[in-house]
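Asks: So I've got this file, upload30.cif, and it contains mmCIF, C-alpha atoms:
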data_structure
loop_
_atom_site.label_atom_id
_atom_site.label_comp_id
_atom_site.auth_asym_id
_atom_site.auth_seq_id
_atom_site.Cartn_x
_atom_site.Cartn_y
_atom_site.Cartn_z
CA MET Q 1 0.00 0.00 0.00
CA PRO Q 2 1.79 3.16 -1.16
CA GLU Q 3 2.08 5.64 1.69
CA ILE Q 4 1.34 9.22 0.66
CA SER Q 5 1.65 10.96 4.04
CA ARG Q 6 2.54 10.37 7.67
CA PHE Q 7 2.02 12.81 10.54
CA LEU Q 8 1.36 12.60 14.28
CA GLY Q 9 1.21 8.79 14.11
CA ILE Q 10 -1.37 8.89 11.31
CA VAL Q 11 -0.49 6.99 8.12
CA ILE Q 12 -2.32 7.84 4.88
CA ALA Q 13 -2.05 5.45 1.93
CA MET Q 14 -3.74 4.43 -1.31
CA LEU Q 15 -4.19 0.92 -2.65
CA TYR Q 16 -3.39 -0.14 -6.19
CA ARG Q 17 -6.37 -1.62 -8.03
CA ASP Q 18 -8.80 -0.07 -5.56
CA HIS Q 19 -12.45 0.77 -6.28
CA ASP Q 20 -14.37 4.00 -6.77
CA PRO Q 21 -15.20 6.45 -5.25
CA PRO Q 22 -11.79 8.14 -4.89
CA HIS Q 23 -10.61 7.51 -1.34
CA PHE Q 24 -7.59 6.77 0.79
CA HIS Q 25 -6.89 4.55 3.76
CA VAL Q 26 -5.81 5.70 7.20
CA ARG Q 27 -4.06 3.81 9.98
CA TYR Q 28 -3.71 5.28 13.44
CA GLY Q 29 -2.56 2.86 16.11
CA GLU Q 30 -5.02 -0.03 16.06
CA HIS Q 31 -7.62 2.04 14.18
CA GLU Q 32 -8.25 1.92 10.42
CA ALA Q 33 -10.59 3.87 8.17
CA SER Q 34 -11.34 4.79 4.56
CA ILE Q 35 -11.83 8.46 3.74
CA ALA Q 36 -13.50 9.88 0.63
CA VAL Q 37 -11.46 12.48 -1.23
CA GLU Q 38 -14.28 14.65 -2.55
CA PRO Q 39 -15.76 15.81 -0.26
CA PRO Q 40 -13.54 14.57 2.59
CA ALA Q 41 -15.67 12.25 4.71
CA LEU Q 42 -15.45 8.97 6.61
CA LEU Q 43 -16.52 6.07 4.35
CA ALA Q 44 -15.76 3.08 6.57
CA GLY Q 45 -13.93 2.16 9.73
CA ARG Q 46 -13.29 4.20 12.83
CA LEU Q 47 -10.79 6.75 14.07
CA PRO Q 48 -10.71 8.64 17.36
CA PRO Q 49 -12.51 11.99 16.92
CA ARG Q 50 -9.33 14.12 17.09
CA ALA Q 51 -7.49 11.91 14.57
CA LEU Q 52 -10.51 11.96 12.23
CA ALA Q 53 -10.64 15.77 12.43
CA LEU Q 54 -6.92 15.99 11.56
CA VAL Q 55 -7.34 13.60 8.62
CA ILE Q 56 -10.36 15.51 7.27
CA GLU Q 57 -8.38 18.76 7.56
CA TRP Q 58 -5.39 17.14 5.79
CA ALA Q 59 -7.70 15.88 3.03
CA ALA Q 60 -9.19 19.34 2.47
CA ILE Q 61 -5.74 20.94 2.24
CA HIS Q 62 -4.31 18.24 -0.06
CA ASN Q 63 -7.43 17.66 -2.16
CA ALA Q 64 -5.94 18.41 -5.59
CA GLY Q 65 -2.83 16.30 -4.99
CA THR Q 66 -4.84 13.42 -3.61
CA LEU Q 67 -7.18 13.44 -6.62
CA ALA Q 68 -4.15 13.53 -8.93
CA SER Q 69 -2.65 10.53 -7.10
CA TRP Q 70 -5.96 8.66 -7.43
CA ALA Q 71 -6.09 9.42 -11.17
CA ARG Q 72 -2.66 7.78 -11.64
CA LEU Q 73 -3.66 4.54 -9.91
CA PRO Q 74 -4.73 1.53 -12.00
CA LEU Q 75 -8.30 1.02 -10.75
CA ALA Q 76 -9.90 -2.40 -10.59
CA SER Q 77 -13.42 -1.08 -11.24
CA LEU Q 78 -12.34 0.72 -14.42
CA GLY Q 79 -10.37 -2.20 -15.83
CA ARG Q 80 -7.23 -0.09 -16.12
#
Could you write out this structure as structure tokens?
Replies:
Amino acid sequence: MPEISRFLGIVIAMLYRDHDPPHFHVRYGEHEASIAVEPPALLAGRLPPRALALVIEWAAIHNAGTLASWARLPLASLGR
């Protein structure tokens, strides 16, 4: 899973051959979640409230770069 950012113990990564909608995965200690890119929102999993707020803020700041990273991934659902 390619890591795209790491801060304050939070690891943000994207999976190759993942499915739509554009999203990324977050690990924080024993917690894991999937976060939509546009608009930034929790899709699945669970993070402590403060960690979730930091991830949502990160996603809003890095929206364009995250969408560009998603566009470069070979997606399973698109057959690329």
Asks: Could you check the closest approach to Leu52 (chain Q) for each of Q:His23, Q:Glu3, Q:Tyr16, Q:His31 and tell me which residue wins, using all atoms listed in the file?
Replies: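 Looking at the shortest contact to Leu52 (chain Q), the residue is Q:His31.
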Asks: Kindly resolve the PyMOL selection byres ((chain Q and resi 36-40) around 9) on the present coordinates and return the residues as a ChimeraX atom specification.
Replies: /Q:21-24,34-35,41-43,55-57,59-60,63,66-67
Asks: Take CA of Ala13 (chain Q) and CA of Met1 (chain Q) and report the distance between them in Å, one decimal.
Replies: 6.1 Å
Asks: What would the selection look like, as number ranges by chain, if the PyMOL selection byres ((chain Q and resi 4) around 9) were run on the coordinates I just shared?
Replies: Q: 2-3, 5-6, 11-14, 66, 69
Asks: Export C-alpha atoms of the chosen residues as a compact mmCIF listing (two decimals), in the coordinates of the input?
Replies:
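Okay, this is what ended up in selection_25.txt:
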# COMPACT_ATOMS: atom_id res chain seq x y z
CA PRO Q 2 1.79 3.16 -1.16
CA GLU Q 3 2.08 5.64 1.69
CA SER Q 5 1.65 10.96 4.04
CA ARG Q 6 2.54 10.37 7.67
CA VAL Q 11 -0.49 6.99 8.12
CA ILE Q 12 -2.32 7.84 4.88
CA ALA Q 13 -2.05 5.45 1.93
CA MET Q 14 -3.74 4.43 -1.31
CA THR Q 66 -4.84 13.42 -3.61
CA SER Q 69 -2.65 10.53 -7.10
Asks: Could you tell me how far CA of Gly65 (chain Q) sits from CA of Tyr28 (chain Q), in Å to one decimal place?
Replies: 21.5 Å
Asks: Go through Q:His19, Q:Val26, Q:Arg46, Q:Glu32 and flag the residue nearest Trp58 (chain Q), using only C-alpha atoms for the distances.
Replies: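 Looking at the shortest contact to Trp58 (chain Q), the residue is Q:Val26.
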Asks: Rounded to one decimal, what separation in Å do you get between CA of Ile10 (chain Q) and CA of Ile61 (chain Q)?
Replies: 15.7 Å
Asks: Which one of Q:Ala44, Q:Gly9, Q:His62, Q:Leu15 sits closest to Arg27 (chain Q) if you count all atoms listed in the file?
Replies: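 Of Q:Ala44, Q:Gly9, Q:His62, Q:Leu15, the one nearest Arg27 (chain Q), counting all atoms listed in the file, is Q:Gly9.
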Asks: Could I see region 32-59 of chain Q restored to N, CA and C atoms, set down as a tab-separated table (two decimals), in the coordinates of the input?
Replies:
chain	number	residue	atom	x	y	z
Q	32	GLU	N	-8.35	1.83	11.88
Q	32	GLU	CA	-8.25	1.92	10.42
Q	32	GLU	C	-9.54	2.51	9.88
Q	33	ALA	N	-9.41	3.27	8.79
Q	33	ALA	CA	-10.59	3.87	8.17
Q	33	ALA	C	-10.32	4.15	6.70
Q	34	SER	N	-11.39	4.33	5.95
Q	34	SER	CA	-11.34	4.79	4.56
Q	34	SER	C	-12.00	6.16	4.51
Q	35	ILE	N	-11.35	7.08	3.80
Q	35	ILE	CA	-11.83	8.46	3.74
Q	35	ILE	C	-12.04	8.86	2.28
Q	36	ALA	N	-13.22	9.37	1.97
Q	36	ALA	CA	-13.50	9.88	0.63
Q	36	ALA	C	-12.67	11.13	0.38
Q	37	VAL	N	-12.26	11.31	-0.88
Q	37	VAL	CA	-11.46	12.48	-1.23
Q	37	VAL	C	-12.33	13.71	-1.46
Q	38	GLU	N	-13.44	13.52	-2.18
Q	38	GLU	CA	-14.28	14.65	-2.55
Q	38	GLU	C	-15.73	14.39	-2.28
Q	39	PRO	N	-16.35	15.00	-1.32
Q	39	PRO	CA	-15.76	15.81	-0.26
Q	39	PRO	C	-15.13	14.90	0.80
Q	40	PRO	N	-14.17	15.40	1.55
Q	40	PRO	CA	-13.54	14.57	2.59
Q	40	PRO	C	-14.57	14.12	3.63
Q	41	ALA	N	-14.69	12.80	3.77
Q	41	ALA	CA	-15.67	12.25	4.71
Q	41	ALA	C	-15.30	10.80	5.03
Q	42	LEU	N	-15.67	10.35	6.20
Q	42	LEU	CA	-15.45	8.97	6.61
Q	42	LEU	C	-16.35	8.05	5.80
Q	43	LEU	N	-15.76	7.05	5.12
Q	43	LEU	CA	-16.52	6.07	4.35
Q	43	LEU	C	-16.74	4.79	5.15
Q	44	ALA	N	-15.69	4.35	5.83
Q	44	ALA	CA	-15.76	3.08	6.57
Q	44	ALA	C	-14.69	3.09	7.65
Q	45	GLY	N	-14.91	2.27	8.65
Q	45	GLY	CA	-13.93	2.16	9.73
Q	45	GLY	C	-14.18	3.15	10.83
Q	46	ARG	N	-13.15	3.32	11.67
Q	46	ARG	CA	-13.29	4.20	12.83
Q	46	ARG	C	-11.94	4.78	13.19
Q	47	LEU	N	-11.95	6.06	13.53
Q	47	LEU	CA	-10.79	6.75	14.07
Q	47	LEU	C	-11.24	7.54	15.28
Q	48	PRO	N	-10.35	7.75	16.25
Q	48	PRO	CA	-10.71	8.64	17.36
Q	48	PRO	C	-11.10	10.02	16.80
Q	49	PRO	N	-12.01	10.72	17.46
Q	49	PRO	CA	-12.51	11.99	16.92
Q	49	PRO	C	-11.41	12.99	16.55
Q	50	ARG	N	-10.40	13.16	17.38
Q	50	ARG	CA	-9.33	14.12	17.09
Q	50	ARG	C	-8.54	13.69	15.85
Q	51	ALA	N	-8.22	12.41	15.74
Q	51	ALA	CA	-7.49	11.91	14.57
Q	51	ALA	C	-8.33	12.08	13.31
Q	52	LEU	N	-9.62	11.79	13.39
Q	52	LEU	CA	-10.51	11.96	12.23
Q	52	LEU	C	-10.54	13.42	11.80
Q	53	ALA	N	-10.63	14.34	12.76
Q	53	ALA	CA	-10.64	15.77	12.43
Q	53	ALA	C	-9.35	16.18	11.73
Q	54	LEU	N	-8.20	15.69	12.20
Q	54	LEU	CA	-6.92	15.99	11.56
Q	54	LEU	C	-6.85	15.44	10.14
Q	55	VAL	N	-7.35	14.22	9.95
Q	55	VAL	CA	-7.34	13.60	8.62
Q	55	VAL	C	-8.26	14.36	7.66
Q	56	ILE	N	-9.42	14.75	8.11
Q	56	ILE	CA	-10.36	15.51	7.27
Q	56	ILE	C	-9.73	16.86	6.89
Q	57	GLU	N	-9.07	17.49	7.84
Q	57	GLU	CA	-8.38	18.76	7.56
Q	57	GLU	C	-7.25	18.54	6.55
Q	58	TRP	N	-6.46	17.47	6.74
Q	58	TRP	CA	-5.39	17.14	5.79
Q	58	TRP	C	-5.98	16.93	4.40
Q	59	ALA	N	-7.08	16.18	4.32
Q	59	ALA	CA	-7.70	15.88	3.03
Q	59	ALA	C	-8.18	17.15	2.33
